Amino acid sequence: MTAAVKPPRPLLRLAGQAIADYAMIRPGDRLLLGLSGGKDSLSLLHILLALRDKALVKFELGTATVDPCIEGFDPAYLKDLVPGLGVPHFYRRQDIVGRARTTMKSDSFCAYCARMRRGILYDTARREGYNVLVLAQHLDDLAESFLMSAFYNGRLRTMKAHYVNDAGDLRIIRPFVYVRERQTADFATRAGLPVTVDNCPACFRIPTKRQHIKILLAAQEKENKMLFDSLLSTMRPLMVGDIAITNK
């Protein structure tokens, strides 16, 4: 069996704080982590393994990978890697690219693919008896979504930390909402995690609105080191889902 990697204390602390603030994990929960093979989801896998072994609240952990049949993206190595850590792994290969050619309308491919992958993860959780879906978006993702919504849709929105899906049968949690992208990147590099660098090459072939926002935020942070602290304070009311309980 492959050994889990011990996460750095700051990363573990931030994830644990978010889990506590938004009451993400309850006794007896069965968590299914969406595992793409990118630095964020692989980092979160090792965080959850550490928490599972030490936390007072007992929970079960499984993982699911959606292979969207994108040229240059092959997450099949996860089928051997994850079970070696003692974690159940469900591998779903779906030709999302082929389906997009015939059914996609006005959406960008990235939005279409994300929606399809989420549906497959929901289906896997239901089929395998998991009640909580875990996603690895971090604070940078939330900030980018917040600005994109404000700039392009005229709405103040971002990703929720903890909420129930529309069908009402699954909870969705994001334990990395306080974590910066550079922290997962540093952990993945130092620990030698087998990261799929471009975990969706189709999204990197042309500049996207999200990439423009990422560049904008990076430039602003050079001028204001507290930028993401301020953005987190601004977004907190928007991060609360319909069932979340916070201490803030």
# chains A, B, ... in the order shown; residues from 1 in each chain; ligands from 1
>>> select_by_dssp(residues="segment 14-68 of chain A", states="alpha helix (DSSP H)", output="MDAnalysis selection string")
chainID A and resid 14:21 39:54
>>> residues_around(residues="Leu216 of chain A", least_positions_apart="4", cutoff="12 Å", atoms="only C-alpha atoms", output="PyMOL selection string")
chain A and resi 140+143-144+147-148+209-212+220-223+227
>>> residues_around(residues="Leu78 of chain A", least_positions_apart="5", cutoff="9 Å", atoms="only C-alpha atoms", output="number ranges by chain")
A: 35-37, 65, 83, 89, 91
>>> write_last_selection(atoms="C-alpha atoms", output="mmCIF file, in the first residue's frame")
data_model
loop_
_atom_site.group_PDB
_atom_site.id
_atom_site.type_symbol
_atom_site.label_atom_id
_atom_site.label_comp_id
_atom_site.auth_asym_id
_atom_site.auth_seq_id
_atom_site.Cartn_x
_atom_site.Cartn_y
_atom_site.Cartn_z
ATOM 1 C CA LEU A 35 -10.304 13.693 -8.004
ATOM 2 C CA SER A 36 -9.039 15.085 -11.304
ATOM 3 C CA GLY A 37 -5.346 14.455 -10.749
ATOM 4 C CA THR A 65 -12.490 10.537 -11.333
ATOM 5 C CA PRO A 83 -6.514 2.199 -4.045
ATOM 6 C CA HIS A 89 -11.810 4.832 -6.272
ATOM 7 C CA TYR A 91 -13.333 5.777 -12.500
#
>>> atom_distance(atom1="atom CA of Asp186 of chain A", atom2="atom CA of Ile173 of chain A")
22.8 Å
